[in-house]
$ cat protein18.tsv   # TSV, N, CA and C atoms
chain	number	residue	atom	x	y	z
N	30	MET	N	-0.67	-80.24	-99.68
N	30	MET	CA	0.46	-80.56	-100.52
N	30	MET	C	1.18	-79.28	-100.96
N	31	ALA	N	0.41	-78.29	-101.38
N	31	ALA	CA	0.99	-77.01	-101.80
N	31	ALA	C	1.71	-76.35	-100.63
N	32	GLU	N	1.12	-76.44	-99.45
N	32	GLU	CA	1.74	-75.85	-98.26
N	32	GLU	C	3.08	-76.53	-97.96
N	33	ALA	N	3.14	-77.82	-98.07
N	33	ALA	CA	4.39	-78.55	-97.83
N	33	ALA	C	5.45	-78.15	-98.86
N	34	HIS	N	5.02	-77.95	-100.09
N	34	HIS	CA	5.94	-77.51	-101.14
N	34	HIS	C	6.49	-76.12	-100.82
N	35	ARG	N	5.61	-75.19	-100.42
N	35	ARG	CA	6.03	-73.83	-100.06
N	35	ARG	C	7.01	-73.85	-98.88
N	36	ARG	N	6.66	-74.65	-97.87
N	36	ARG	CA	7.51	-74.73	-96.69
N	36	ARG	C	8.88	-75.30	-97.07
N	37	GLY	N	8.92	-76.34	-97.87
N	37	GLY	CA	10.18	-76.94	-98.31
N	37	GLY	C	11.02	-75.95	-99.12
N	38	TRP	N	10.32	-75.23	-100.01
N	38	TRP	CA	11.03	-74.24	-100.83
N	38	TRP	C	11.61	-73.15	-99.94
N	39	ARG	N	10.83	-72.68	-98.99
N	39	ARG	CA	11.27	-71.61	-98.09
N	39	ARG	C	12.44	-72.07	-97.22
N	40	GLU	N	12.35	-73.28	-96.68
N	40	GLU	CA	13.44	-73.81	-95.85
N	40	GLU	C	14.72	-73.97	-96.67
N	41	GLY	N	14.57	-74.43	-97.91
N	41	GLY	CA	15.73	-74.57	-98.80
N	41	GLY	C	16.34	-73.22	-99.12
N	42	TRP	N	15.46	-72.24	-99.38
N	42	TRP	CA	15.94	-70.88	-99.68
N	42	TRP	C	16.66	-70.30	-98.47
N	43	ASP	N	16.10	-70.45	-97.27
N	43	ASP	CA	16.73	-69.95	-96.04
N	43	ASP	C	18.08	-70.62	-95.81
N	44	ALA	N	18.15	-71.94	-96.02
N	44	ALA	CA	19.41	-72.66	-95.82
N	44	ALA	C	20.46	-72.17	-96.82
N	45	GLY	N	20.07	-71.94	-98.06
N	45	GLY	CA	20.99	-71.43	-99.08
N	45	GLY	C	21.50	-70.03	-98.73
N	46	ARG	N	20.59	-69.20	-98.23
N	46	ARG	CA	20.95	-67.84	-97.85
N	46	ARG	C	21.94	-67.86	-96.69
N	47	GLU	N	21.68	-68.69	-95.68
N	47	GLU	CA	22.59	-68.81	-94.53
N	47	GLU	C	23.96	-69.32	-94.97
N	48	SER	N	23.97	-70.28	-95.89
N	48	SER	CA	25.22	-70.81	-96.39
N	48	SER	C	26.01	-69.72	-97.14
N	49	SER	N	25.30	-68.94	-97.92
N	49	SER	CA	25.94	-67.85	-98.66
N	49	SER	C	26.51	-66.80	-97.71
N	50	ILE	N	25.77	-66.44	-96.67
N	50	ILE	CA	26.24	-65.47	-95.67
N	50	ILE	C	27.49	-65.99	-94.99
N	51	SER	N	27.46	-67.25	-94.59
N	51	SER	CA	28.61	-67.85	-93.92
N	51	SER	C	29.83	-67.87	-94.83
N	52	SER	N	29.63	-68.22	-96.08
N	52	SER	CA	30.73	-68.25	-97.05
N	52	SER	C	31.30	-66.85	-97.26
N	53	SER	N	30.42	-65.86	-97.36
N	53	SER	CA	30.87	-64.48	-97.55
N	53	SER	C	31.66	-64.00	-96.35
N	54	LYS	N	31.20	-64.32	-95.14
N	54	LYS	CA	31.92	-63.92	-93.93
N	54	LYS	C	33.31	-64.54	-93.91
N	55	SER	N	33.41	-65.81	-94.27
N	55	SER	CA	34.71	-66.49	-94.30
N	55	SER	C	35.64	-65.83	-95.30
N	56	GLN	N	35.11	-65.47	-96.45
N	56	GLN	CA	35.93	-64.84	-97.48
N	56	GLN	C	36.40	-63.46	-97.02
N	57	VAL	N	35.52	-62.69	-96.40
N	57	VAL	CA	35.89	-61.36	-95.89
N	57	VAL	C	36.98	-61.50	-94.83
N	58	GLU	N	36.83	-62.45	-93.91
N	58	GLU	CA	37.85	-62.66	-92.87
N	58	GLU	C	39.19	-63.03	-93.50
N	59	TRP	N	39.19	-63.90	-94.52
N	59	TRP	CA	40.42	-64.28	-95.19
N	59	TRP	C	41.06	-63.07	-95.86
N	60	LEU	N	40.24	-62.27	-96.55
N	60	LEU	CA	40.76	-61.07	-97.22
N	60	LEU	C	41.34	-60.07	-96.22
N	61	GLU	N	40.69	-59.90	-95.08
N	61	GLU	CA	41.20	-58.99	-94.05
N	61	GLU	C	42.55	-59.47	-93.53
N	62	ARG	N	42.69	-60.78	-93.29
N	62	ARG	CA	43.98	-61.34	-92.85
N	62	ARG	C	45.05	-61.13	-93.92
N	63	ARG	N	44.68	-61.33	-95.16
N	63	ARG	CA	45.64	-61.18	-96.27
N	63	ARG	C	46.10	-59.72	-96.40
N	64	VAL	N	45.18	-58.79	-96.27
N	64	VAL	CA	45.53	-57.37	-96.35
N	64	VAL	C	46.50	-57.01	-95.22
N	65	LYS	N	46.24	-57.48	-94.00
N	65	LYS	CA	47.15	-57.21	-92.88
N	65	LYS	C	48.54	-57.79	-93.16
N	66	GLU	N	48.57	-59.00	-93.70
N	66	GLU	CA	49.84	-59.65	-94.02
N	66	GLU	C	50.61	-58.84	-95.06
N	67	LEU	N	49.93	-58.40	-96.11
N	67	LEU	CA	50.59	-57.61	-97.16
N	67	LEU	C	51.02	-56.24	-96.65
N	68	GLU	N	50.22	-55.62	-95.79
N	68	GLU	CA	50.60	-54.35	-95.18
N	68	GLU	C	51.87	-54.52	-94.34
N	69	GLN	N	51.95	-55.62	-93.61
N	69	GLN	CA	53.14	-55.89	-92.79
N	69	GLN	C	54.36	-56.10	-93.67
N	70	GLN	N	54.21	-56.81	-94.78
N	70	GLN	CA	55.33	-57.03	-95.70
N	70	GLN	C	55.81	-55.70	-96.28
N	71	LEU	N	54.88	-54.84	-96.66
N	71	LEU	CA	55.23	-53.52	-97.20
N	71	LEU	C	55.92	-52.68	-96.13
N	72	ASP	N	55.38	-52.71	-94.91
N	72	ASP	CA	55.98	-51.98	-93.81
N	72	ASP	C	57.41	-52.45	-93.57
N	73	ASP	N	57.60	-53.78	-93.52
N	73	ASP	CA	58.93	-54.34	-93.29
N	73	ASP	C	59.91	-53.91	-94.38
N	74	ALA	N	59.45	-53.84	-95.62
N	74	ALA	CA	60.32	-53.48	-96.73
N	74	ALA	C	60.71	-52.00	-96.69
N	75	ARG	N	59.85	-51.16	-96.16
N	75	ARG	CA	60.09	-49.71	-96.15
N	75	ARG	C	60.66	-49.19	-94.82
N	76	ARG	N	60.58	-49.97	-93.77
N	76	ARG	CA	60.96	-49.50	-92.42
N	76	ARG	C	62.46	-49.30	-92.33
N	77	VAL	N	62.86	-48.15	-91.80
N	77	VAL	CA	64.26	-47.86	-91.53
N	77	VAL	C	64.44	-47.67	-90.03
N	78	TYR	N	65.59	-48.09	-89.54
N	78	TYR	CA	65.89	-48.03	-88.11
N	78	TYR	C	66.97	-47.00	-87.78
N	79	GLU	N	67.66	-46.53	-88.81
N	79	GLU	CA	68.68	-45.51	-88.63
N	79	GLU	C	68.62	-44.52	-89.77
N	80	VAL	N	68.93	-43.27	-89.44
N	80	VAL	CA	69.07	-42.22	-90.44
N	80	VAL	C	70.34	-41.46	-90.08
N	81	ASP	N	71.25	-41.36	-91.02
N	81	ASP	CA	72.53	-40.69	-90.80
N	81	ASP	C	73.26	-41.23	-89.58
N	82	GLY	N	73.16	-42.53	-89.34
N	82	GLY	CA	73.86	-43.16	-88.24
N	82	GLY	C	73.19	-43.04	-86.88
N	83	HIS	N	71.98	-42.48	-86.85
N	83	HIS	CA	71.27	-42.31	-85.58
N	83	HIS	C	69.98	-43.13	-85.59
N	84	GLN	N	69.63	-43.66	-84.42
N	84	GLN	CA	68.44	-44.49	-84.27
N	84	GLN	C	67.18	-43.66	-84.55
N	85	VAL	N	66.19	-44.32	-85.17
N	85	VAL	CA	64.89	-43.70	-85.42
N	85	VAL	C	63.84	-44.53	-84.70
N	86	VAL	N	62.96	-43.82	-83.97
N	86	VAL	CA	61.90	-44.49	-83.22
N	86	VAL	C	60.58	-43.77	-83.44
N	87	ASP	N	59.50	-44.47	-83.13
N	87	ASP	CA	58.16	-43.89	-83.19
N	87	ASP	C	57.72	-43.58	-81.77
N	88	VAL	N	57.25	-42.36	-81.60
N	88	VAL	CA	56.72	-41.93	-80.30
N	88	VAL	C	55.33	-41.36	-80.55
N	89	GLY	N	54.31	-42.09	-80.14
N	89	GLY	CA	52.94	-41.61	-80.30
N	89	GLY	C	52.52	-41.39	-81.74
N	90	GLY	N	53.04	-42.16	-82.66
N	90	GLY	CA	52.65	-42.04	-84.07
N	90	GLY	C	53.54	-41.11	-84.88
N	91	TYR	N	54.56	-40.54	-84.27
N	91	TYR	CA	55.48	-39.63	-84.97
N	91	TYR	C	56.91	-40.17	-84.86
N	92	ALA	N	57.67	-39.99	-85.93
N	92	ALA	CA	59.05	-40.48	-85.96
N	92	ALA	C	59.99	-39.41	-85.42
N	93	TYR	N	60.97	-39.86	-84.62
N	93	TYR	CA	61.99	-38.98	-84.06
N	93	TYR	C	63.35	-39.66	-84.19
N	94	ARG	N	64.39	-38.82	-84.22
N	94	ARG	CA	65.77	-39.32	-84.27
N	94	ARG	C	66.34	-39.26	-82.85
N	95	TRP	N	67.09	-40.30	-82.49
N	95	TRP	CA	67.75	-40.38	-81.18
N	95	TRP	C	69.25	-40.38	-81.41
N	96	ARG	N	69.94	-39.39	-80.86
N	96	ARG	CA	71.39	-39.26	-81.03
N	96	ARG	C	72.15	-39.77	-79.81
N	97	GLY	N	71.45	-40.39	-78.86
N	97	GLY	CA	72.10	-40.89	-77.65
N	97	GLY	C	73.00	-42.09	-77.92
N	98	SER	N	73.87	-42.37	-76.96
N	98	SER	CA	74.83	-43.45	-77.14
N	98	SER	C	74.24	-44.82	-76.83
N	99	VAL	N	73.21	-44.87	-75.97
N	99	VAL	CA	72.57	-46.14	-75.64
N	99	VAL	C	71.22	-46.19	-76.36
N	100	ALA	N	71.00	-47.23	-77.13
N	100	ALA	CA	69.78	-47.34	-77.95
N	100	ALA	C	68.51	-47.33	-77.09
N	101	LEU	N	67.47	-46.76	-77.65
N	101	LEU	CA	66.16	-46.75	-76.99
N	101	LEU	C	65.44	-48.07	-77.26
N	102	GLU	N	64.53	-48.40	-76.38
N	102	GLU	CA	63.70	-49.59	-76.53
N	102	GLU	C	62.24	-49.18	-76.43
N	103	VAL	N	61.35	-50.02	-76.94
N	103	VAL	CA	59.91	-49.76	-76.80
N	103	VAL	C	59.59	-49.65	-75.31
N	104	GLY	N	58.83	-48.61	-74.96
N	104	GLY	CA	58.45	-48.37	-73.58
N	104	GLY	C	59.30	-47.33	-72.88
N	105	ASP	N	60.45	-46.97	-73.46
N	105	ASP	CA	61.29	-45.93	-72.86
N	105	ASP	C	60.59	-44.59	-72.91
N	106	ARG	N	60.72	-43.84	-71.83
N	106	ARG	CA	60.17	-42.48	-71.77
N	106	ARG	C	61.23	-41.50	-72.25
N	107	VAL	N	60.81	-40.56	-73.10
N	107	VAL	CA	61.74	-39.59	-73.68
N	107	VAL	C	61.16	-38.19	-73.60
N	108	LEU	N	62.05	-37.20	-73.66
N	108	LEU	CA	61.64	-35.80	-73.65
N	108	LEU	C	61.69	-35.30	-75.08
N	109	LEU	N	60.56	-34.81	-75.58
N	109	LEU	CA	60.42	-34.37	-76.96
N	109	LEU	C	60.44	-32.85	-77.04
N	110	PRO	N	60.96	-32.31	-78.13
N	110	PRO	CA	60.97	-30.85	-78.28
N	110	PRO	C	59.55	-30.31	-78.48
N	111	GLU	N	59.37	-29.08	-78.08
N	111	GLU	CA	58.07	-28.42	-78.30
N	111	GLU	C	57.83	-28.25	-79.79
N	112	ASN	N	56.59	-28.44	-80.19
N	112	ASN	CA	56.17	-28.08	-81.55
N	112	ASN	C	54.81	-27.38	-81.42
N	113	TYR	N	54.26	-26.93	-82.51
N	113	TYR	CA	53.04	-26.14	-82.41
N	113	TYR	C	51.87	-26.93	-81.84
N	114	VAL	N	51.81	-28.23	-82.10
N	114	VAL	CA	50.72	-29.06	-81.57
N	114	VAL	C	50.90	-29.28	-80.07
N	115	SER	N	52.14	-29.64	-79.67
N	115	SER	CA	52.38	-29.87	-78.24
N	115	SER	C	52.16	-28.60	-77.44
N	116	ARG	N	52.50	-27.46	-78.02
N	116	ARG	CA	52.29	-26.18	-77.32
N	116	ARG	C	50.81	-25.94	-77.07
N	117	MET	N	49.97	-26.27	-78.06
N	117	MET	CA	48.51	-26.09	-77.90
N	117	MET	C	47.95	-27.08	-76.88
N	118	LYS	N	48.44	-28.33	-76.91
N	118	LYS	CA	47.90	-29.37	-76.04
N	118	LYS	C	48.45	-29.32	-74.62
N	119	HIS	N	49.77	-29.03	-74.48
N	119	HIS	CA	50.42	-29.15	-73.18
N	119	HIS	C	51.04	-27.86	-72.68
N	120	GLY	N	50.97	-26.79	-73.47
N	120	GLY	CA	51.63	-25.55	-73.08
N	120	GLY	C	53.06	-25.52	-73.60
N	121	PRO	N	53.76	-24.42	-73.32
N	121	PRO	CA	55.12	-24.28	-73.85
N	121	PRO	C	56.10	-25.25	-73.18
N	122	GLY	N	57.15	-25.57	-73.92
N	122	GLY	CA	58.21	-26.42	-73.40
N	122	GLY	C	58.14	-27.84	-73.92
N	123	PRO	N	59.17	-28.62	-73.59
N	123	PRO	CA	59.24	-30.01	-74.03
N	123	PRO	C	58.12	-30.85	-73.40
N	124	THR	N	57.83	-31.97	-74.02
N	124	THR	CA	56.81	-32.90	-73.50
N	124	THR	C	57.41	-34.30	-73.38
N	125	VAL	N	56.82	-35.08	-72.51
N	125	VAL	CA	57.26	-36.47	-72.33
N	125	VAL	C	56.46	-37.37	-73.26
N	126	GLY	N	57.16	-38.31	-73.88
N	126	GLY	CA	56.51	-39.30	-74.73
N	126	GLY	C	57.08	-40.67	-74.43
N	127	VAL	N	56.45	-41.69	-74.98
N	127	VAL	CA	56.89	-43.07	-74.78
N	127	VAL	C	57.17	-43.69	-76.15
N	128	VAL	N	58.31	-44.34	-76.28
N	128	VAL	CA	58.67	-45.03	-77.53
N	128	VAL	C	57.68	-46.17	-77.74
N	129	THR	N	56.98	-46.13	-78.86
N	129	THR	CA	55.96	-47.14	-79.14
N	129	THR	C	56.40	-48.16	-80.18
N	130	GLN	N	57.43	-47.80	-80.97
N	130	GLN	CA	57.89	-48.72	-82.01
N	130	GLN	C	59.30	-48.32	-82.43
N	131	LEU	N	60.10	-49.29	-82.80
N	131	LEU	CA	61.43	-49.01	-83.32
N	131	LEU	C	61.34	-48.87	-84.82
N	132	GLY	N	62.07	-47.87	-85.36
N	132	GLY	CA	62.07	-47.64	-86.80
N	132	GLY	C	60.85	-46.86	-87.24
N	133	THR	N	60.85	-46.53	-88.55
N	133	THR	CA	59.74	-45.78	-89.13
N	133	THR	C	59.66	-46.04	-90.62
N	134	THR	N	58.50	-45.78	-91.19
N	134	THR	CA	58.34	-45.79	-92.64
N	134	THR	C	58.25	-44.36	-93.17
N	135	TYR	N	58.29	-43.39	-92.27
N	135	TYR	CA	58.24	-41.97	-92.63
N	135	TYR	C	59.56	-41.59	-93.27
N	136	SER	N	59.52	-40.79	-94.33
N	136	SER	CA	60.76	-40.45	-95.03
N	136	SER	C	61.04	-38.95	-95.04
N	137	GLY	N	60.33	-38.18	-94.25
N	137	GLY	CA	60.55	-36.73	-94.21
N	137	GLY	C	61.54	-36.33	-93.13
N	138	PRO	N	61.61	-35.03	-92.87
N	138	PRO	CA	62.53	-34.54	-91.83
N	138	PRO	C	62.12	-35.03	-90.44
N	139	LEU	N	63.13	-35.25	-89.59
N	139	LEU	CA	62.89	-35.77	-88.25
N	139	LEU	C	63.36	-34.76	-87.20
N	140	SER	N	62.60	-34.65	-86.13
N	140	SER	CA	63.04	-33.88	-84.96
N	140	SER	C	63.86	-34.81	-84.07
N	141	ASP	N	64.74	-34.21	-83.30
N	141	ASP	CA	65.57	-34.98	-82.38
N	141	ASP	C	64.90	-35.10	-81.02
N	142	ILE	N	65.02	-36.27	-80.42
N	142	ILE	CA	64.62	-36.47	-79.04
N	142	ILE	C	65.64	-35.72	-78.19
N	143	LEU	N	65.17	-34.97	-77.21
N	143	LEU	CA	66.08	-34.17	-76.38
N	143	LEU	C	66.91	-35.03	-75.45
N	144	ARG	N	66.24	-35.93	-74.73
N	144	ARG	CA	66.94	-36.84	-73.82
N	144	ARG	C	65.95	-37.85	-73.28
N	145	ARG	N	66.45	-38.81	-72.55
N	145	ARG	CA	65.58	-39.74	-71.86
N	145	ARG	C	64.85	-38.98	-70.76
N	146	ALA	N	63.62	-39.34	-70.51
N	146	ALA	CA	62.84	-38.71	-69.44
N	146	ALA	C	62.97	-39.55	-68.18
N	147	PRO	N	62.91	-38.92	-67.03
N	147	PRO	CA	62.95	-39.72	-65.78
N	147	PRO	C	61.74	-40.64	-65.73
N	148	GLU	N	61.93	-41.76	-65.07
N	148	GLU	CA	60.81	-42.68	-64.85
N	148	GLU	C	59.75	-41.96	-64.04
N	149	SER	N	58.48	-42.27	-64.27
N	149	SER	CA	57.43	-41.64	-63.47
N	149	SER	C	57.65	-41.97	-62.01
N	150	GLY	N	57.50	-40.96	-61.17
N	150	GLY	CA	57.71	-41.15	-59.74
N	150	GLY	C	59.09	-40.68	-59.30
N	151	GLU	N	59.97	-40.38	-60.28
N	151	GLU	CA	61.31	-39.90	-59.91
N	151	GLU	C	61.30	-38.41	-59.76
$ encode --input "protein18.tsv" --output "C-alpha cells"
Amino acid sequence: MAEAHRRGWREGWDAGRESSISSSKSQVEWLERRVKELEQQLDDARRVYEVDGHQVVDVGGYAYRWRGSVALEVGDRVLLPENYVSRMKHGPGPTVGVVTQLGTTYSGPLSDILRRAPESGE
C-alpha cells in the first residue's frame, strides 16, 4: 500500500513537472515572438529611406547613401569606397558589396556608394 502511494505521488509530481515545463516553454516562445514584433515596430518607426534627397541602403550591416538616378534594390551589387576595415580585409581600393536591405535606422554620417558593380561573370 505504501509503495502504491509513493508511486502515485511520484507519477503525479512528474506529471506536474512536465506540465510546468511545457507551460514555461510556451510562455518563452510567446515572449520571443512578442519581442520580435516590438523590435520590428521600433525599426519601422525609426527607419529612414532617404537622407538629403538620396536613397539610403544597407550593405552587409552598414548604411550607405546612393546618389544614383535609378534606385537600388535588395540584391544589387555595388562598389563601396575603401575604409580602414576593408583595406585590412581586402587590400587597398574599393570593394564590392550587395544591398541587403532598403533604408536604415543608423543616424550617423554615411559614406557614398561609388557606383553599381558589374554582375559577377561580366
$ closest_residue --input "protein18.tsv" --among "N:Leu109, N:Met30, N:Ala100, N:Ile142" --to "N:Gly122" --atoms "only C-alpha atoms"
N:Leu109
$ closest_residue --input "protein18.tsv" --among "N:Leu71, N:Val85, N:Arg106, N:Trp59" --to "N:Pro147" --atoms "all atoms listed in the file"
N:Arg106
$ select_by_dssp --input "protein18.tsv" --residues "chain N" --states "helix (DSSP H, G or I)" --output "JSON, numbers by chain"
{"N": [31, 32, 33, 34, 35, 36, 37, 38, 39, 40, 41, 42, 43, 44, 45, 46, 47, 48, 49, 50, 51, 52, 53, 54, 55, 56, 57, 58, 59, 60, 61, 62, 63, 64, 65, 66, 67, 68, 69, 70, 71, 72, 73, 74, 75, 113, 114, 115, 116, 117, 118, 119]}
$ residues_around --input "protein18.tsv" --residues "N:His83" --least-positions-apart "3" --cutoff "6 Å" --atoms "all atoms listed in the file" --output "PyMOL selection string"
chain N and resi 78-80+94-96
$ closest_residue --input "protein18.tsv" --among "N:Glu111, N:Asp72, N:Asp141, N:Glu47" --to "N:Tyr93" --atoms "only C-alpha atoms"
N:Asp141
$ atom_distance --input "protein18.tsv" --atom1 "atom N of N:Arg76" --atom2 "atom C of N:Ala92"
13.5 Å
$ select_by_dssp --input "protein18.tsv" --residues "stretch 76-109 of chain N" --states "strand (DSSP E or B)" --output "JSON, numbers by chain"
{"N": [77, 79, 80, 83, 84, 85, 86, 87, 88, 91, 92, 93, 94, 95, 106, 107, 108, 109]}
$ closest_residue --input "protein18.tsv" --among "N:Leu101, N:Leu143, N:Val114, N:Leu108" --to "N:Leu131" --atoms "all atoms listed in the file"
N:Leu101
$ atom_distance --input "protein18.tsv" --atom1 "atom CA of N:Asp105" --atom2 "atom CA of N:Gly89"
12.0 Å
$ atom_distance --input "protein18.tsv" --atom1 "atom CA of N:Glu66" --atom2 "atom CA of N:Ser49"
25.7 Å
$ closest_residue --input "protein18.tsv" --among "N:Ala33, N:Val64, N:Leu139, N:Val127" --to "N:Asp87" --atoms "only N, CA and C atoms"
N:Val127
$ residues_around --input "protein18.tsv" --residues "N:Val107" --least-positions-apart "3" --cutoff "6 Å" --atoms "only C-alpha atoms" --output "list in words"
Val125, Gly126, Arg144, Arg145 and Ala146 of chain N
$ axis_aligned_box --input "protein18.tsv" --around "stretch 60-67 of chain N" --padding-each-side "3 Å" --output "lines of an AutoDock Vina configuration file"
center_x = 45.6
center_y = -59.3
center_z = -95.0
size_x = 16.8
size_y = 12.0
size_z = 10.4
$ closest_residue --input "protein18.tsv" --among "N:Tyr91, N:Ser55, N:Ala44, N:Glu102" --to "N:Gly137" --atoms "only C-alpha atoms"
N:Tyr91
$ residues_around --input "protein18.tsv" --residues "N:Gly104" --least-positions-apart "4" --cutoff "6.5 Å" --atoms "only N, CA and C atoms" --output "tab-separated table (two decimals) with N, CA and C atoms, keeping the file's coordinate frame"
chain	number	residue	atom	x	y	z
N	127	VAL	N	56.45	-41.69	-74.98
N	127	VAL	CA	56.89	-43.07	-74.78
N	127	VAL	C	57.17	-43.69	-76.15
N	128	VAL	N	58.31	-44.34	-76.28
N	128	VAL	CA	58.67	-45.03	-77.53
N	128	VAL	C	57.68	-46.17	-77.74
N	129	THR	N	56.98	-46.13	-78.86
N	129	THR	CA	55.96	-47.14	-79.14
N	129	THR	C	56.40	-48.16	-80.18
N	130	GLN	N	57.43	-47.80	-80.97
N	130	GLN	CA	57.89	-48.72	-82.01
N	130	GLN	C	59.30	-48.32	-82.43
$ decode --input "protein18.tsv" --residues "stretch 125-133 of chain N" --atoms "all heavy atoms" --output "PDB file, in the first residue's frame"
ATOM      1  N   VAL N 125      33.433  45.309 -53.467  1.00  0.00           N
ATOM      2  CA  VAL N 125      32.074  45.026 -53.934  1.00  0.00           C
ATOM      3  C   VAL N 125      31.227  44.566 -52.755  1.00  0.00           C
ATOM      4  O   VAL N 125      31.678  43.790 -51.908  1.00  0.00           O
ATOM      5  CB  VAL N 125      32.092  43.938 -55.035  1.00  0.00           C
ATOM      6  CG1 VAL N 125      30.679  43.531 -55.424  1.00  0.00           C
ATOM      7  CG2 VAL N 125      32.868  44.429 -56.256  1.00  0.00           C
ATOM      8  N   GLY N 126      30.006  45.071 -52.700  1.00  0.00           N
ATOM      9  CA  GLY N 126      29.051  44.649 -51.684  1.00  0.00           C
ATOM     10  C   GLY N 126      27.699  44.411 -52.325  1.00  0.00           C
ATOM     11  O   GLY N 126      27.491  44.737 -53.498  1.00  0.00           O
ATOM     12  N   VAL N 127      26.792  43.841 -51.554  1.00  0.00           N
ATOM     13  CA  VAL N 127      25.437  43.552 -52.040  1.00  0.00           C
ATOM     14  C   VAL N 127      24.438  44.247 -51.125  1.00  0.00           C
ATOM     15  O   VAL N 127      24.526  44.146 -49.900  1.00  0.00           O
ATOM     16  CB  VAL N 127      25.174  42.030 -52.062  1.00  0.00           C
ATOM     17  CG1 VAL N 127      23.740  41.734 -52.476  1.00  0.00           C
ATOM     18  CG2 VAL N 127      26.161  41.328 -52.984  1.00  0.00           C
ATOM     19  N   VAL N 128      23.486  44.942 -51.713  1.00  0.00           N
ATOM     20  CA  VAL N 128      22.433  45.612 -50.946  1.00  0.00           C
ATOM     21  C   VAL N 128      21.595  44.538 -50.253  1.00  0.00           C
ATOM     22  O   VAL N 128      21.058  43.649 -50.904  1.00  0.00           O
ATOM     23  CB  VAL N 128      21.545  46.487 -51.860  1.00  0.00           C
ATOM     24  CG1 VAL N 128      20.387  47.086 -51.069  1.00  0.00           C
ATOM     25  CG2 VAL N 128      22.372  47.576 -52.522  1.00  0.00           C
ATOM     26  N   THR N 129      21.546  44.610 -48.931  1.00  0.00           N
ATOM     27  CA  THR N 129      20.821  43.606 -48.158  1.00  0.00           C
ATOM     28  C   THR N 129      19.487  44.106 -47.620  1.00  0.00           C
ATOM     29  O   THR N 129      18.626  43.316 -47.254  1.00  0.00           O
ATOM     30  CB  THR N 129      21.672  43.101 -46.980  1.00  0.00           C
ATOM     31  OG1 THR N 129      22.101  44.234 -46.206  1.00  0.00           O
ATOM     32  CG2 THR N 129      22.880  42.333 -47.473  1.00  0.00           C
ATOM     33  N   GLN N 130      19.329  45.443 -47.561  1.00  0.00           N
ATOM     34  CA  GLN N 130      18.084  45.995 -47.032  1.00  0.00           C
ATOM     35  C   GLN N 130      17.955  47.439 -47.493  1.00  0.00           C
ATOM     36  O   GLN N 130      18.955  48.145 -47.651  1.00  0.00           O
ATOM     37  CB  GLN N 130      18.093  45.926 -45.504  1.00  0.00           C
ATOM     38  CG  GLN N 130      16.779  46.197 -44.858  1.00  0.00           C
ATOM     39  CD  GLN N 130      16.813  45.887 -43.359  1.00  0.00           C
ATOM     40  OE1 GLN N 130      17.872  45.805 -42.756  1.00  0.00           O
ATOM     41  NE2 GLN N 130      15.647  45.720 -42.766  1.00  0.00           N
ATOM     42  N   LEU N 131      16.736  47.876 -47.712  1.00  0.00           N
ATOM     43  CA  LEU N 131      16.490  49.267 -48.055  1.00  0.00           C
ATOM     44  C   LEU N 131      16.263  50.050 -46.778  1.00  0.00           C
ATOM     45  O   LEU N 131      15.608  49.581 -45.853  1.00  0.00           O
ATOM     46  CB  LEU N 131      15.275  49.384 -48.973  1.00  0.00           C
ATOM     47  CG  LEU N 131      15.357  48.609 -50.285  1.00  0.00           C
ATOM     48  CD1 LEU N 131      14.077  48.792 -51.088  1.00  0.00           C
ATOM     49  CD2 LEU N 131      16.574  49.002 -51.101  1.00  0.00           C
ATOM     50  N   GLY N 132      16.841  51.260 -46.714  1.00  0.00           N
ATOM     51  CA  GLY N 132      16.685  52.107 -45.542  1.00  0.00           C
ATOM     52  C   GLY N 132      17.639  51.707 -44.432  1.00  0.00           C
ATOM     53  O   GLY N 132      18.381  50.726 -44.537  1.00  0.00           O
ATOM     54  N   THR N 133      17.609  52.516 -43.360  1.00  0.00           N
ATOM     55  CA  THR N 133      18.463  52.262 -42.203  1.00  0.00           C
ATOM     56  C   THR N 133      17.867  52.891 -40.958  1.00  0.00           C
ATOM     57  O   THR N 133      17.056  53.818 -41.052  1.00  0.00           O
ATOM     58  CB  THR N 133      19.882  52.822 -42.425  1.00  0.00           C
ATOM     59  OG1 THR N 133      20.729  52.418 -41.346  1.00  0.00           O
ATOM     60  CG2 THR N 133      19.887  54.343 -42.490  1.00  0.00           C
TER      61      THR N 133
END
